[in-house]
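Structure file final11.cif (mmCIF, C-alpha atoms) follows.
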data_final
loop_
_atom_site.label_atom_id
_atom_site.label_comp_id
_atom_site.auth_asym_id
_atom_site.auth_seq_id
_atom_site.Cartn_x
_atom_site.Cartn_y
_atom_site.Cartn_z
CA MET A 9 -0.28 57.56 -21.88
CA ASN A 10 -2.44 54.69 -20.66
CA ASP A 11 0.04 52.14 -19.34
CA THR A 12 -1.82 50.58 -16.42
CA ILE A 13 -4.08 47.54 -16.44
CA THR A 14 -6.64 48.42 -13.84
CA GLU A 15 -9.14 46.10 -12.21
CA GLU A 16 -11.88 47.82 -14.21
CA LYS A 17 -10.02 47.37 -17.49
CA ILE A 18 -9.32 43.66 -17.04
CA ASP A 19 -12.90 43.07 -15.91
CA ARG A 20 -14.15 44.85 -19.05
CA TYR A 21 -12.00 42.69 -21.33
CA LEU A 22 -13.04 39.51 -19.51
CA SER A 23 -16.69 40.51 -19.86
CA ILE A 24 -16.38 41.17 -23.60
CA THR A 25 -14.67 37.83 -24.21
CA LYS A 26 -17.27 35.99 -22.09
CA GLU A 27 -20.00 37.65 -24.15
CA ALA A 28 -18.29 36.52 -27.37
CA LEU A 29 -17.92 32.94 -26.06
CA ASP A 30 -21.61 32.88 -25.17
CA LYS A 31 -22.71 34.31 -28.51
CA LEU A 32 -20.97 32.08 -31.04
CA LYS A 33 -22.72 29.08 -32.52
CA VAL A 34 -20.76 26.21 -34.03
CA VAL A 35 -21.96 25.70 -37.61
CA THR A 36 -19.43 23.27 -39.03
CA PRO A 37 -20.64 19.77 -39.97
CA ASP A 38 -20.05 17.16 -37.26
CA ARG A 39 -17.89 14.83 -39.35
CA SER A 40 -15.66 17.37 -41.06
CA PHE A 41 -12.16 18.73 -40.79
CA ALA A 42 -13.71 22.15 -40.25
CA ARG A 43 -15.46 20.80 -37.14
CA ASP A 44 -12.14 19.59 -35.77
CA LEU A 45 -10.74 23.08 -36.36
CA SER A 46 -13.79 24.68 -34.78
CA ASP A 47 -13.54 22.49 -31.69
CA SER A 48 -9.80 23.10 -31.41
CA PHE A 49 -10.11 26.88 -31.79
CA LEU A 50 -12.91 26.97 -29.24
CA GLU A 51 -10.95 24.83 -26.81
CA MET A 52 -7.95 27.16 -27.10
CA ALA A 53 -10.14 30.22 -26.56
CA GLN A 54 -11.84 28.66 -23.55
CA CYS A 55 -8.52 27.54 -22.01
CA TYR A 56 -6.96 30.98 -22.38
CA TYR A 57 -10.14 32.59 -21.01
CA ASN A 58 -10.09 30.27 -17.99
CA ASP A 59 -6.40 31.04 -17.47
CA ALA A 60 -7.24 34.76 -17.61
CA LEU A 61 -9.88 34.26 -14.90
CA THR A 62 -7.38 32.41 -12.72
CA PHE A 63 -4.71 35.09 -13.12
CA ARG A 64 -7.36 37.75 -12.43
CA SER A 65 -8.46 36.05 -9.23
CA ASN A 66 -4.82 35.93 -8.10
CA GLY A 67 -4.43 39.67 -8.72
CA ASP A 68 -2.10 39.21 -11.71
CA PHE A 69 -3.81 41.67 -14.04
CA VAL A 70 -0.95 41.81 -16.56
CA THR A 71 -0.91 38.07 -17.25
CA SER A 72 -4.70 37.97 -17.16
CA PHE A 73 -4.79 40.72 -19.78
CA ALA A 74 -2.38 38.79 -21.99
CA ALA A 75 -4.40 35.57 -21.65
CA VAL A 76 -7.76 37.19 -22.37
CA ASN A 77 -6.32 38.80 -25.48
CA TYR A 78 -5.07 35.42 -26.70
CA ALA A 79 -8.52 34.00 -26.00
CA HIS A 80 -10.22 36.69 -28.01
CA GLY A 81 -7.70 36.31 -30.81
CA TRP A 82 -8.75 32.66 -31.19
CA LEU A 83 -12.40 33.75 -31.23
CA ASP A 84 -11.77 36.40 -33.87
CA CYS A 85 -9.83 33.99 -36.03
CA GLY A 86 -12.56 31.33 -35.86
CA ALA A 87 -15.25 33.87 -36.65
CA ARG A 88 -13.24 35.35 -39.50
CA ILE A 89 -12.76 32.01 -41.28
CA GLY A 90 -16.37 30.94 -40.70
CA LEU A 91 -16.03 28.19 -38.09
CA TRP A 92 -19.01 29.53 -36.21
CA ASP A 93 -21.93 31.86 -36.68
CA VAL A 94 -21.54 35.13 -34.79
CA ASP A 95 -24.60 36.85 -36.28
CA CYS A 96 -22.40 39.37 -38.14
CA ASP A 97 -21.44 40.95 -34.80
CA GLU A 98 -18.64 43.39 -35.59
CA ARG A 99 -18.53 44.69 -32.02
CA LEU A 100 -17.44 41.37 -30.51
CA PHE A 101 -15.61 39.85 -33.49
CA THR A 102 -13.28 40.90 -36.31
CA LEU A 103 -15.03 39.60 -39.40
CA TYR A 104 -13.70 39.13 -42.92
CA ARG A 105 -16.51 40.97 -44.72
#

What's the structure tokens form of this structure?
Amino acid sequence: MNDTITEEKIDRYLSITKEALDKLKVVTPDRSFARDLSDSFLEMAQCYYNDALTFRSNGDFVTSFAAVNYAHGWLDCGARIGLWDVDCDERLFTLYR
């Protein structure tokens, strides 16, 4: 059973989420409700990612792991409903089709 969040594991998850944050491109029109959603989803993802980095730097791998998974959940959700272009990347994102 794998029940330990190691330094290597949390660093891997942080790296994957950073890669996803760097890859996405906002494609919603500036003056649209979808843009508000896109900005909000991205802000939530970035905030949780930053929290994960803070917890990681304090040695709290468990809370960091939880935060980075929330961050990536926001990214997956935004990608899945089409708030940003992720170049059909199914490695970094959970897409609808």

Counting all atoms listed in the file, what is within 10 Å of Pro37 in chain A, bar same-chain residues fewer than 4 positions away, as a list of chain:residue names? A:Phe41, A:Ala42, A:Arg43, A:Asp44, A:Ser46, A:Leu91

Translate the PyMOL selection byres ((chain A and resi 66-80) around 9), as applied to the file shown, into an explicit residue set as a CSV table (one decimal) with C-alpha atoms, keeping the file's coordinate frame.
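See expr-v2.csv below for the written result:
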chain,number,residue,atom,x,y,z
A,12,THR,CA,-1.8,50.6,-16.4
A,13,ILE,CA,-4.1,47.5,-16.4
A,14,THR,CA,-6.6,48.4,-13.8
A,15,GLU,CA,-9.1,46.1,-12.2
A,17,LYS,CA,-10.0,47.4,-17.5
A,18,ILE,CA,-9.3,43.7,-17.0
A,21,TYR,CA,-12.0,42.7,-21.3
A,22,LEU,CA,-13.0,39.5,-19.5
A,24,ILE,CA,-16.4,41.2,-23.6
A,25,THR,CA,-14.7,37.8,-24.2
A,28,ALA,CA,-18.3,36.5,-27.4
A,29,LEU,CA,-17.9,32.9,-26.1
A,50,LEU,CA,-12.9,27.0,-29.2
A,52,MET,CA,-8.0,27.2,-27.1
A,53,ALA,CA,-10.1,30.2,-26.6
A,54,GLN,CA,-11.8,28.7,-23.6
A,55,CYS,CA,-8.5,27.5,-22.0
A,56,TYR,CA,-7.0,31.0,-22.4
A,57,TYR,CA,-10.1,32.6,-21.0
A,58,ASN,CA,-10.1,30.3,-18.0
A,59,ASP,CA,-6.4,31.0,-17.5
A,60,ALA,CA,-7.2,34.8,-17.6
A,61,LEU,CA,-9.9,34.3,-14.9
A,62,THR,CA,-7.4,32.4,-12.7
A,63,PHE,CA,-4.7,35.1,-13.1
A,64,ARG,CA,-7.4,37.8,-12.4
A,65,SER,CA,-8.5,36.0,-9.2
A,81,GLY,CA,-7.7,36.3,-30.8
A,82,TRP,CA,-8.8,32.7,-31.2
A,83,LEU,CA,-12.4,33.8,-31.2
A,84,ASP,CA,-11.8,36.4,-33.9
A,85,CYS,CA,-9.8,34.0,-36.0
A,100,LEU,CA,-17.4,41.4,-30.5
A,101,PHE,CA,-15.6,39.8,-33.5

Need to verify the contact set: Asp95 in chain A, 12 Å, all atoms listed in the file, exclusion of same-chain residues closer than 3 positions in sequence. Can you return it as a VMD selection string? chain A and resid 28 31 to 35 87 to 88 90 92 98 to 101 103

Just-selected residues, C-alpha atoms written as a PDB file, in the frame of the given file:
ATOM      1  CA  ALA A  28     -18.290  36.520 -27.370  1.00  0.00           C
ATOM      2  CA  LYS A  31     -22.710  34.310 -28.510  1.00  0.00           C
ATOM      3  CA  LEU A  32     -20.970  32.080 -31.040  1.00  0.00           C
ATOM      4  CA  LYS A  33     -22.720  29.080 -32.520  1.00  0.00           C
ATOM      5  CA  VAL A  34     -20.760  26.210 -34.030  1.00  0.00           C
ATOM      6  CA  VAL A  35     -21.960  25.700 -37.610  1.00  0.00           C
ATOM      7  CA  ALA A  87     -15.250  33.870 -36.650  1.00  0.00           C
ATOM      8  CA  ARG A  88     -13.240  35.350 -39.500  1.00  0.00           C
ATOM      9  CA  GLY A  90     -16.370  30.940 -40.700  1.00  0.00           C
ATOM     10  CA  TRP A  92     -19.010  29.530 -36.210  1.00  0.00           C
ATOM     11  CA  GLU A  98     -18.640  43.390 -35.590  1.00  0.00           C
ATOM     12  CA  ARG A  99     -18.530  44.690 -32.020  1.00  0.00           C
ATOM     13  CA  LEU A 100     -17.440  41.370 -30.510  1.00  0.00           C
ATOM     14  CA  PHE A 101     -15.610  39.850 -33.490  1.00  0.00           C
ATOM     15  CA  LEU A 103     -15.030  39.600 -39.400  1.00  0.00           C
TER      16      LEU A 103
END

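Remark: for Gly86 in chain A, the closest of the candidate residues A:Arg20, A:Phe49, A:Glu27, A:Tyr104 is A:Phe49 (distances computed over all atoms listed in the file).
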
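Note that CA of Cys96 in chain A and CA of Asp30 in chain A are 14.5 Å apart.
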
Quick one: distance from CA of Glu51 in chain A to CA of Asp97 in chain A in Å, one decimal?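 Going from CA of Glu51 in chain A over to CA of Asp97 in chain A covers 20.8 Å.
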